[in-house]
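Text of the file model.cif, holding mmCIF, N, CA and C atoms and all ligand atoms:
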data_model
loop_
_atom_site.label_atom_id
_atom_site.label_comp_id
_atom_site.auth_asym_id
_atom_site.auth_seq_id
_atom_site.Cartn_x
_atom_site.Cartn_y
_atom_site.Cartn_z
N MET A 1 0.85 -1.19 0.00
CA MET A 1 0.00 0.00 0.00
C MET A 1 0.88 1.25 0.00
N GLY A 2 0.46 2.24 -0.75
CA GLY A 2 1.22 3.48 -0.81
C GLY A 2 0.91 4.39 0.36
N CYS A 3 1.69 5.47 0.49
CA CYS A 3 1.51 6.39 1.60
C CYS A 3 0.10 6.99 1.64
N GLY A 4 -0.44 7.33 0.45
CA GLY A 4 -1.79 7.94 0.41
C GLY A 4 -2.83 6.99 0.99
N LEU A 5 -2.76 5.72 0.60
CA LEU A 5 -3.72 4.74 1.11
C LEU A 5 -3.52 4.53 2.61
N ILE A 6 -2.26 4.42 3.02
CA ILE A 6 -1.99 4.20 4.45
C ILE A 6 -2.51 5.36 5.28
N GLN A 7 -2.23 6.57 4.82
CA GLN A 7 -2.66 7.73 5.62
C GLN A 7 -4.18 7.85 5.67
N GLY A 8 -4.86 7.30 4.68
CA GLY A 8 -6.32 7.27 4.72
C GLY A 8 -6.87 6.29 5.74
N THR A 9 -6.04 5.35 6.19
CA THR A 9 -6.53 4.35 7.14
C THR A 9 -6.04 4.60 8.57
N LEU A 10 -5.24 5.67 8.75
CA LEU A 10 -4.60 5.84 10.06
C LEU A 10 -5.60 6.08 11.20
N VAL A 11 -6.68 6.79 10.92
CA VAL A 11 -7.65 7.05 11.99
C VAL A 11 -8.32 5.73 12.42
N ALA A 12 -8.73 4.93 11.42
CA ALA A 12 -9.32 3.63 11.75
C ALA A 12 -8.30 2.74 12.44
N TYR A 13 -7.05 2.82 11.99
CA TYR A 13 -5.97 2.06 12.62
C TYR A 13 -5.82 2.46 14.08
N TYR A 14 -5.82 3.78 14.33
CA TYR A 14 -5.66 4.26 15.70
C TYR A 14 -6.80 3.76 16.59
N PHE A 15 -8.03 3.86 16.10
CA PHE A 15 -9.18 3.48 16.94
C PHE A 15 -9.45 1.98 16.92
N GLY A 16 -8.63 1.22 16.19
CA GLY A 16 -8.76 -0.23 16.21
C GLY A 16 -9.93 -0.74 15.41
N THR A 17 -10.45 0.06 14.47
CA THR A 17 -11.59 -0.37 13.68
C THR A 17 -11.18 -0.84 12.29
N ALA A 18 -9.88 -0.76 11.96
CA ALA A 18 -9.42 -1.26 10.66
C ALA A 18 -9.43 -2.78 10.67
N ASP A 19 -9.74 -3.39 9.51
CA ASP A 19 -9.74 -4.87 9.49
C ASP A 19 -8.30 -5.39 9.53
N ASP A 20 -8.18 -6.71 9.72
CA ASP A 20 -6.86 -7.31 9.98
C ASP A 20 -5.88 -7.07 8.84
N GLU A 21 -6.36 -7.16 7.61
CA GLU A 21 -5.48 -6.99 6.45
C GLU A 21 -4.91 -5.57 6.42
N VAL A 22 -5.78 -4.58 6.62
CA VAL A 22 -5.35 -3.18 6.63
C VAL A 22 -4.41 -2.94 7.81
N ARG A 23 -4.74 -3.54 8.92
CA ARG A 23 -3.93 -3.36 10.12
C ARG A 23 -2.50 -3.89 9.91
N ALA A 24 -2.41 -5.08 9.33
CA ALA A 24 -1.10 -5.68 9.07
C ALA A 24 -0.31 -4.82 8.08
N ALA A 25 -0.97 -4.35 7.03
CA ALA A 25 -0.29 -3.52 6.03
C ALA A 25 0.18 -2.20 6.65
N THR A 26 -0.65 -1.63 7.52
CA THR A 26 -0.29 -0.36 8.18
C THR A 26 0.88 -0.58 9.13
N ASP A 27 0.83 -1.67 9.89
CA ASP A 27 1.95 -2.00 10.78
C ASP A 27 3.26 -2.05 9.99
N ALA A 28 3.22 -2.81 8.90
CA ALA A 28 4.44 -2.99 8.11
C ALA A 28 4.92 -1.66 7.52
N HIS A 29 3.95 -0.84 7.08
CA HIS A 29 4.32 0.43 6.45
C HIS A 29 4.88 1.42 7.47
N LEU A 30 4.28 1.49 8.65
CA LEU A 30 4.72 2.48 9.65
C LEU A 30 6.14 2.22 10.13
N ILE A 31 6.54 0.95 10.11
CA ILE A 31 7.91 0.62 10.52
C ILE A 31 8.93 1.20 9.54
N SER A 32 8.53 1.22 8.27
CA SER A 32 9.51 1.61 7.24
C SER A 32 9.33 3.04 6.74
N CYS A 33 8.21 3.71 7.03
CA CYS A 33 7.96 5.03 6.44
C CYS A 33 7.85 6.08 7.55
N LYS A 34 8.87 6.95 7.57
CA LYS A 34 8.93 7.99 8.61
C LYS A 34 7.79 9.00 8.46
N LYS A 35 7.43 9.32 7.22
CA LYS A 35 6.39 10.31 6.95
C LYS A 35 5.03 9.83 7.49
N CYS A 36 4.68 8.58 7.22
CA CYS A 36 3.39 8.05 7.68
C CYS A 36 3.41 7.84 9.20
N LEU A 37 4.58 7.47 9.73
CA LEU A 37 4.67 7.30 11.18
C LEU A 37 4.41 8.64 11.88
N SER A 38 4.99 9.72 11.35
CA SER A 38 4.76 11.01 12.00
C SER A 38 3.31 11.45 11.82
N ALA A 39 2.68 11.09 10.68
CA ALA A 39 1.26 11.39 10.50
C ALA A 39 0.43 10.62 11.53
N TYR A 40 0.81 9.35 11.73
CA TYR A 40 0.10 8.55 12.73
C TYR A 40 0.28 9.14 14.13
N LEU A 41 1.49 9.53 14.45
CA LEU A 41 1.75 10.09 15.79
C LEU A 41 1.01 11.42 15.98
N GLU A 42 0.84 12.18 14.90
CA GLU A 42 0.07 13.41 14.98
C GLU A 42 -1.40 13.13 15.29
N ILE A 43 -1.93 12.12 14.62
CA ILE A 43 -3.33 11.72 14.90
C ILE A 43 -3.46 11.27 16.35
N LYS A 44 -2.51 10.45 16.79
CA LYS A 44 -2.53 9.93 18.16
C LYS A 44 -2.43 11.07 19.18
N ARG A 45 -1.53 12.01 18.92
CA ARG A 45 -1.35 13.12 19.84
C ARG A 45 -2.63 13.97 19.91
N HIS A 46 -3.21 14.20 18.74
CA HIS A 46 -4.43 15.00 18.69
C HIS A 46 -5.58 14.30 19.41
N ALA A 47 -5.68 12.98 19.22
CA ALA A 47 -6.80 12.25 19.83
C ALA A 47 -6.66 12.13 21.34
N GLU A 48 -5.41 12.10 21.81
CA GLU A 48 -5.19 11.86 23.25
C GLU A 48 -4.95 13.13 24.04
N ALA A 49 -4.85 14.27 23.33
CA ALA A 49 -4.59 15.53 24.03
C ALA A 49 -5.83 15.95 24.80
N PRO A 50 -5.66 16.49 25.99
CA PRO A 50 -6.82 17.01 26.71
C PRO A 50 -7.37 18.23 25.98
N ALA A 51 -8.61 18.53 26.20
CA ALA A 51 -9.23 19.69 25.56
C ALA A 51 -8.47 20.95 25.98
N ASP A 52 -8.20 21.80 24.99
CA ASP A 52 -7.40 22.99 25.27
C ASP A 52 -8.15 24.00 26.12
N GLU A 53 -9.43 24.18 25.82
CA GLU A 53 -10.17 25.24 26.50
C GLU A 53 -11.07 24.66 27.58
N ALA A 54 -10.96 25.21 28.76
CA ALA A 54 -11.91 24.86 29.81
C ALA A 54 -13.16 25.71 29.59
N PRO A 55 -14.33 25.18 29.94
CA PRO A 55 -15.54 25.98 29.78
C PRO A 55 -15.48 27.24 30.65
N SER A 56 -16.09 28.31 30.17
CA SER A 56 -16.06 29.57 30.91
C SER A 56 -16.85 29.43 32.21
N ASP A 57 -16.64 30.41 33.11
CA ASP A 57 -17.35 30.37 34.40
C ASP A 57 -18.86 30.39 34.20
N ALA A 58 -19.31 31.21 33.24
CA ALA A 58 -20.75 31.30 32.99
C ALA A 58 -21.30 29.96 32.50
N LEU A 59 -20.53 29.33 31.60
CA LEU A 59 -20.97 28.03 31.09
C LEU A 59 -20.97 26.98 32.20
N GLN A 60 -19.94 27.02 33.04
CA GLN A 60 -19.90 26.06 34.15
C GLN A 60 -21.09 26.26 35.09
N ALA A 61 -21.43 27.53 35.35
CA ALA A 61 -22.57 27.80 36.24
C ALA A 61 -23.86 27.28 35.61
N ARG A 62 -24.00 27.50 34.29
CA ARG A 62 -25.21 27.02 33.62
C ARG A 62 -25.28 25.49 33.64
N LEU A 63 -24.14 24.85 33.42
CA LEU A 63 -24.11 23.39 33.47
C LEU A 63 -24.50 22.88 34.85
N ARG A 64 -23.96 23.54 35.89
CA ARG A 64 -24.30 23.12 37.26
C ARG A 64 -25.80 23.28 37.51
N ALA A 65 -26.37 24.39 37.03
CA ALA A 65 -27.80 24.63 37.24
C ALA A 65 -28.63 23.58 36.49
N ASP A 66 -28.20 23.27 35.26
CA ASP A 66 -28.94 22.26 34.49
C ASP A 66 -28.87 20.90 35.17
N ILE A 67 -27.69 20.54 35.65
CA ILE A 67 -27.53 19.25 36.32
C ILE A 67 -28.34 19.22 37.61
N ALA A 68 -28.31 20.35 38.36
CA ALA A 68 -29.10 20.41 39.60
C ALA A 68 -30.58 20.26 39.30
N ALA A 69 -31.03 20.85 38.19
CA ALA A 69 -32.45 20.74 37.84
C ALA A 69 -32.81 19.31 37.51
N ILE A 70 -31.87 18.56 36.93
CA ILE A 70 -32.14 17.15 36.60
C ILE A 70 -32.07 16.30 37.86
N VAL A 71 -31.04 16.53 38.67
CA VAL A 71 -30.84 15.71 39.86
C VAL A 71 -31.88 16.02 40.93
N GLN A 72 -32.16 17.30 41.16
CA GLN A 72 -33.10 17.70 42.21
C GLN A 72 -34.08 18.73 41.64
N PRO A 73 -35.03 18.28 40.80
CA PRO A 73 -35.97 19.22 40.22
C PRO A 73 -36.96 19.72 41.28
N PRO A 74 -37.60 20.87 41.03
CA PRO A 74 -38.61 21.36 41.96
C PRO A 74 -39.77 20.35 42.07
N ALA A 75 -40.51 20.46 43.17
CA ALA A 75 -41.54 19.45 43.47
C ALA A 75 -42.54 19.29 42.33
N LEU A 76 -42.99 20.41 41.78
CA LEU A 76 -44.00 20.33 40.71
C LEU A 76 -43.44 19.60 39.50
N ALA A 77 -42.16 19.89 39.17
CA ALA A 77 -41.54 19.22 38.02
C ALA A 77 -41.39 17.73 38.30
N ARG A 78 -41.09 17.39 39.57
CA ARG A 78 -40.96 15.98 39.91
C ARG A 78 -42.29 15.26 39.75
N VAL A 79 -43.37 15.89 40.21
CA VAL A 79 -44.70 15.28 40.08
C VAL A 79 -45.06 15.12 38.61
N ARG A 80 -44.77 16.19 37.82
CA ARG A 80 -45.07 16.13 36.39
C ARG A 80 -44.28 15.00 35.72
N ARG A 81 -43.00 14.89 36.08
CA ARG A 81 -42.16 13.84 35.49
C ARG A 81 -42.67 12.46 35.91
N TRP A 82 -43.11 12.34 37.18
CA TRP A 82 -43.61 11.06 37.66
C TRP A 82 -44.89 10.69 36.92
N MET A 83 -45.76 11.68 36.73
CA MET A 83 -47.02 11.42 36.04
C MET A 83 -46.79 11.05 34.58
N ALA A 84 -45.73 11.57 33.98
CA ALA A 84 -45.45 11.31 32.57
C ALA A 84 -44.47 10.16 32.42
N GLY A 85 -44.48 9.20 33.32
CA GLY A 85 -43.55 8.07 33.29
C GLY A 85 -43.66 7.28 32.00
N PRO A 86 -42.96 6.15 31.91
CA PRO A 86 -43.00 5.34 30.68
C PRO A 86 -44.42 5.06 30.22
N VAL A 87 -45.28 4.67 31.13
CA VAL A 87 -46.71 4.62 30.85
C VAL A 87 -47.31 5.76 31.66
N PRO A 88 -47.86 6.79 30.98
CA PRO A 88 -48.33 7.97 31.72
C PRO A 88 -49.27 7.59 32.85
N ARG A 89 -48.88 8.01 34.08
CA ARG A 89 -49.62 7.55 35.24
C ARG A 89 -50.98 8.22 35.39
N TYR A 90 -51.13 9.43 34.79
CA TYR A 90 -52.45 10.05 34.88
C TYR A 90 -53.47 9.24 34.11
N LYS A 91 -53.01 8.53 33.04
CA LYS A 91 -53.94 7.67 32.31
C LYS A 91 -54.34 6.48 33.18
N ILE A 92 -53.36 5.88 33.86
CA ILE A 92 -53.64 4.76 34.75
C ILE A 92 -54.61 5.20 35.84
N ALA A 93 -54.36 6.41 36.40
CA ALA A 93 -55.21 6.91 37.47
C ALA A 93 -56.63 7.12 36.97
N SER A 94 -56.81 7.67 35.76
CA SER A 94 -58.16 7.93 35.29
C SER A 94 -58.87 6.62 34.94
N VAL A 95 -58.14 5.65 34.37
CA VAL A 95 -58.75 4.34 34.08
C VAL A 95 -59.15 3.67 35.39
N ALA A 96 -58.29 3.74 36.42
CA ALA A 96 -58.61 3.14 37.71
C ALA A 96 -59.84 3.80 38.32
N ALA A 97 -59.96 5.13 38.19
CA ALA A 97 -61.12 5.83 38.74
C ALA A 97 -62.40 5.38 38.05
N VAL A 98 -62.35 5.23 36.71
CA VAL A 98 -63.53 4.78 35.98
C VAL A 98 -63.90 3.37 36.43
N LEU A 99 -62.89 2.48 36.59
CA LEU A 99 -63.17 1.11 37.01
C LEU A 99 -63.80 1.08 38.40
N VAL A 100 -63.30 1.93 39.31
CA VAL A 100 -63.85 1.96 40.67
C VAL A 100 -65.30 2.42 40.63
N ILE A 101 -65.58 3.44 39.81
CA ILE A 101 -66.97 3.93 39.71
C ILE A 101 -67.87 2.85 39.14
N LEU A 102 -67.41 2.17 38.08
CA LEU A 102 -68.22 1.11 37.47
C LEU A 102 -68.45 -0.03 38.45
N ALA A 103 -67.41 -0.40 39.21
CA ALA A 103 -67.55 -1.48 40.20
C ALA A 103 -68.55 -1.08 41.28
N ALA A 104 -68.50 0.19 41.71
CA ALA A 104 -69.43 0.65 42.74
C ALA A 104 -70.86 0.61 42.21
N LEU A 105 -71.05 1.04 40.96
CA LEU A 105 -72.39 1.01 40.37
C LEU A 105 -72.89 -0.43 40.22
N ALA A 106 -72.02 -1.33 39.79
CA ALA A 106 -72.41 -2.74 39.61
C ALA A 106 -72.77 -3.36 40.96
N ALA A 107 -71.99 -3.04 42.00
CA ALA A 107 -72.27 -3.58 43.33
C ALA A 107 -73.62 -3.06 43.83
N ARG A 108 -73.90 -1.81 43.52
CA ARG A 108 -75.15 -1.22 43.97
C ARG A 108 -76.35 -1.87 43.26
N GLU A 109 -76.19 -2.18 41.96
CA GLU A 109 -77.27 -2.80 41.20
C GLU A 109 -77.56 -4.21 41.71
N SER A 110 -76.50 -4.97 42.00
CA SER A 110 -76.70 -6.38 42.33
C SER A 110 -76.93 -6.62 43.82
N ALA A 111 -76.78 -5.59 44.65
CA ALA A 111 -76.99 -5.79 46.09
C ALA A 111 -78.46 -6.09 46.35
N PRO A 112 -78.72 -7.05 47.26
CA PRO A 112 -80.13 -7.36 47.55
C PRO A 112 -80.82 -6.16 48.20
N GLN A 113 -81.97 -5.82 47.65
CA GLN A 113 -82.71 -4.67 48.19
C GLN A 113 -83.57 -5.17 49.36
N PRO A 114 -83.63 -4.38 50.42
CA PRO A 114 -84.49 -4.81 51.54
C PRO A 114 -85.96 -4.81 51.11
N GLU A 115 -86.68 -5.79 51.63
CA GLU A 115 -88.10 -5.87 51.30
C GLU A 115 -88.82 -4.67 51.90
N PRO A 116 -89.63 -4.05 51.10
CA PRO A 116 -90.39 -2.93 51.68
C PRO A 116 -91.40 -3.45 52.69
N LEU A 117 -91.58 -2.69 53.71
CA LEU A 117 -92.48 -3.12 54.78
C LEU A 117 -93.89 -2.58 54.60
N ALA A 118 -94.15 -2.00 53.44
CA ALA A 118 -95.47 -1.42 53.21
C ALA A 118 -96.54 -2.51 53.32
N GLY A 119 -97.56 -2.23 53.98
CA GLY A 119 -98.65 -3.17 54.12
C GLY A 119 -98.45 -4.15 55.26
N THR A 120 -97.28 -4.17 55.84
CA THR A 120 -97.04 -5.06 56.96
C THR A 120 -97.37 -4.30 58.24
N ARG A 121 -98.15 -4.91 59.02
CA ARG A 121 -98.52 -4.26 60.28
C ARG A 121 -97.72 -4.89 61.39
N LEU A 122 -97.18 -4.06 62.19
CA LEU A 122 -96.39 -4.57 63.29
C LEU A 122 -97.21 -4.50 64.57
N ASP A 123 -97.19 -5.58 65.24
CA ASP A 123 -97.80 -5.59 66.57
C ASP A 123 -96.66 -5.56 67.56
N THR A 124 -96.37 -4.36 68.04
CA THR A 124 -95.22 -4.20 68.90
C THR A 124 -95.46 -4.73 70.30
N ALA A 125 -96.70 -5.06 70.61
CA ALA A 125 -96.99 -5.56 71.93
C ALA A 125 -96.61 -7.03 72.05
N ARG A 126 -96.55 -7.71 70.91
CA ARG A 126 -96.26 -9.14 70.93
C ARG A 126 -94.84 -9.41 70.44
N THR A 127 -94.20 -10.33 71.08
CA THR A 127 -92.91 -10.79 70.59
C THR A 127 -93.12 -12.17 70.01
N SER A 128 -93.38 -12.19 68.74
CA SER A 128 -93.66 -13.48 68.10
C SER A 128 -92.73 -13.66 66.90
N ASP A 129 -92.75 -14.88 66.38
CA ASP A 129 -91.93 -15.15 65.19
C ASP A 129 -92.40 -14.29 64.01
N GLY A 130 -93.65 -13.96 63.99
CA GLY A 130 -94.16 -13.14 62.90
C GLY A 130 -93.60 -11.75 62.87
N ASN A 131 -93.20 -11.25 63.98
CA ASN A 131 -92.63 -9.91 64.04
C ASN A 131 -91.08 -9.91 63.94
N ALA A 132 -90.51 -11.09 64.07
CA ALA A 132 -89.05 -11.14 64.15
C ALA A 132 -88.38 -10.54 62.89
N GLY A 133 -88.98 -10.81 61.75
CA GLY A 133 -88.38 -10.31 60.50
C GLY A 133 -88.44 -8.81 60.36
N ALA A 134 -89.33 -8.17 61.05
CA ALA A 134 -89.53 -6.73 60.89
C ALA A 134 -88.46 -5.94 61.62
N TYR A 135 -87.79 -6.54 62.54
CA TYR A 135 -86.80 -5.80 63.29
C TYR A 135 -85.47 -5.86 62.65
ZN ZN B 201 4.18 6.17 3.99
#
Can the structure in the file be given as structure tokens, please?
Ligand SMILES: [Zn+2]
Amino acid sequence: MGCGLIQGTLVAYYFGTADDEVRAATDAHLISCKKCLSAYLEIKRHAEAPADEAPSDALQARLRADIAAIVQPPALARVRRWMAGPVPRYKIASVAAVLVILAALAARESAPQPEPLAGTRLDTARTSDGNAGAY
């Protein structure tokens, strides 16, 4: 492989994403070619150098505020986030409320109704089996 081809593969070579054939050819070439070796070392130096500029004080303050808002959001935001969970909880709550109302209505319909006592005369002076049901 010529220098042009080798230098086109140096980034992939550095990050270990070049296939074995390219890797072997690059290894062999870098040993013998000073120009490509210095190009490779330049890529390596650039990739491993720490960032030159630190973020400004204003940017750092904004980043801290954004992180604080994520880590410790205000109560209302926390409730909103909780309600909007993977399955929105307000939907679950409204479906549950409808089910509770329907269950209450169904229970009310099927509950045995007390017999009306209309037309039944109670003789409160007597304690008999006939009056027992009225109490
Ligand atoms: Zn070369």
Given the choices A:Val87, A:Ile101, A:Cys33, A:Val22, which gets closest to ligand ZN 201 (chain B) if the distance is worked out from all atoms listed in the file? A:Cys33
I'd like the contact shell of segment 47-60 of chain A - 10 Å cut-off, only C-alpha atoms, skipping same-chain residues fewer than 5 positions apart - returned as a PyMOL selection string. chain A and resi 11+14-15+41-42+65-66
Could you take the residues named above and write them with N, CA and C atoms, as a CSV table (one decimal), in the frame of the given file?
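So the final result, stored in selection15.csv, reads:
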chain,number,residue,atom,x,y,z
A,11,VAL,N,-6.7,6.8,10.9
A,11,VAL,CA,-7.6,7.0,12.0
A,11,VAL,C,-8.3,5.7,12.4
A,14,TYR,N,-5.8,3.8,14.3
A,14,TYR,CA,-5.7,4.3,15.7
A,14,TYR,C,-6.8,3.8,16.6
A,15,PHE,N,-8.0,3.9,16.1
A,15,PHE,CA,-9.2,3.5,16.9
A,15,PHE,C,-9.4,2.0,16.9
A,41,LEU,N,1.5,9.5,14.4
A,41,LEU,CA,1.8,10.1,15.8
A,41,LEU,C,1.0,11.4,16.0
A,42,GLU,N,0.8,12.2,14.9
A,42,GLU,CA,0.1,13.4,15.0
A,42,GLU,C,-1.4,13.1,15.3
A,65,ALA,N,-26.4,24.4,37.0
A,65,ALA,CA,-27.8,24.6,37.2
A,65,ALA,C,-28.6,23.6,36.5
A,66,ASP,N,-28.2,23.3,35.3
A,66,ASP,CA,-28.9,22.3,34.5
A,66,ASP,C,-28.9,20.9,35.2
Run DSSP on the backbone and tell me which residues of segment 19-69 of chain A come out as helix (DSSP H, G or I); list them as an NGL selection string. :A and (20-32 or 34-48 or 57-69)
If you count only N, CA and C atoms and all ligand atoms, which residues end up within 8 Å of ligand ZN 201 (chain B), as an MDAnalysis selection string? chainID A and resid 1:7 29:30 32:37
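Here atom N of Ser94 of chain A stands at a distance of 22.0 Å from atom N of Ala75 of chain A.
Atom CA of Lys91 of chain A is found 17.2 Å from atom C of Ala77 of chain A.
For the pair atom C of Leu99 of chain A and atom CA of Ala111 of chain A, the interatomic distance is 16.7 Å.
Shortest atom-to-atom contact with Tyr13 of chain A among A:Gln72, A:Pro86, A:Thr26, A:Arg81: A:Thr26, counting all atoms listed in the file.
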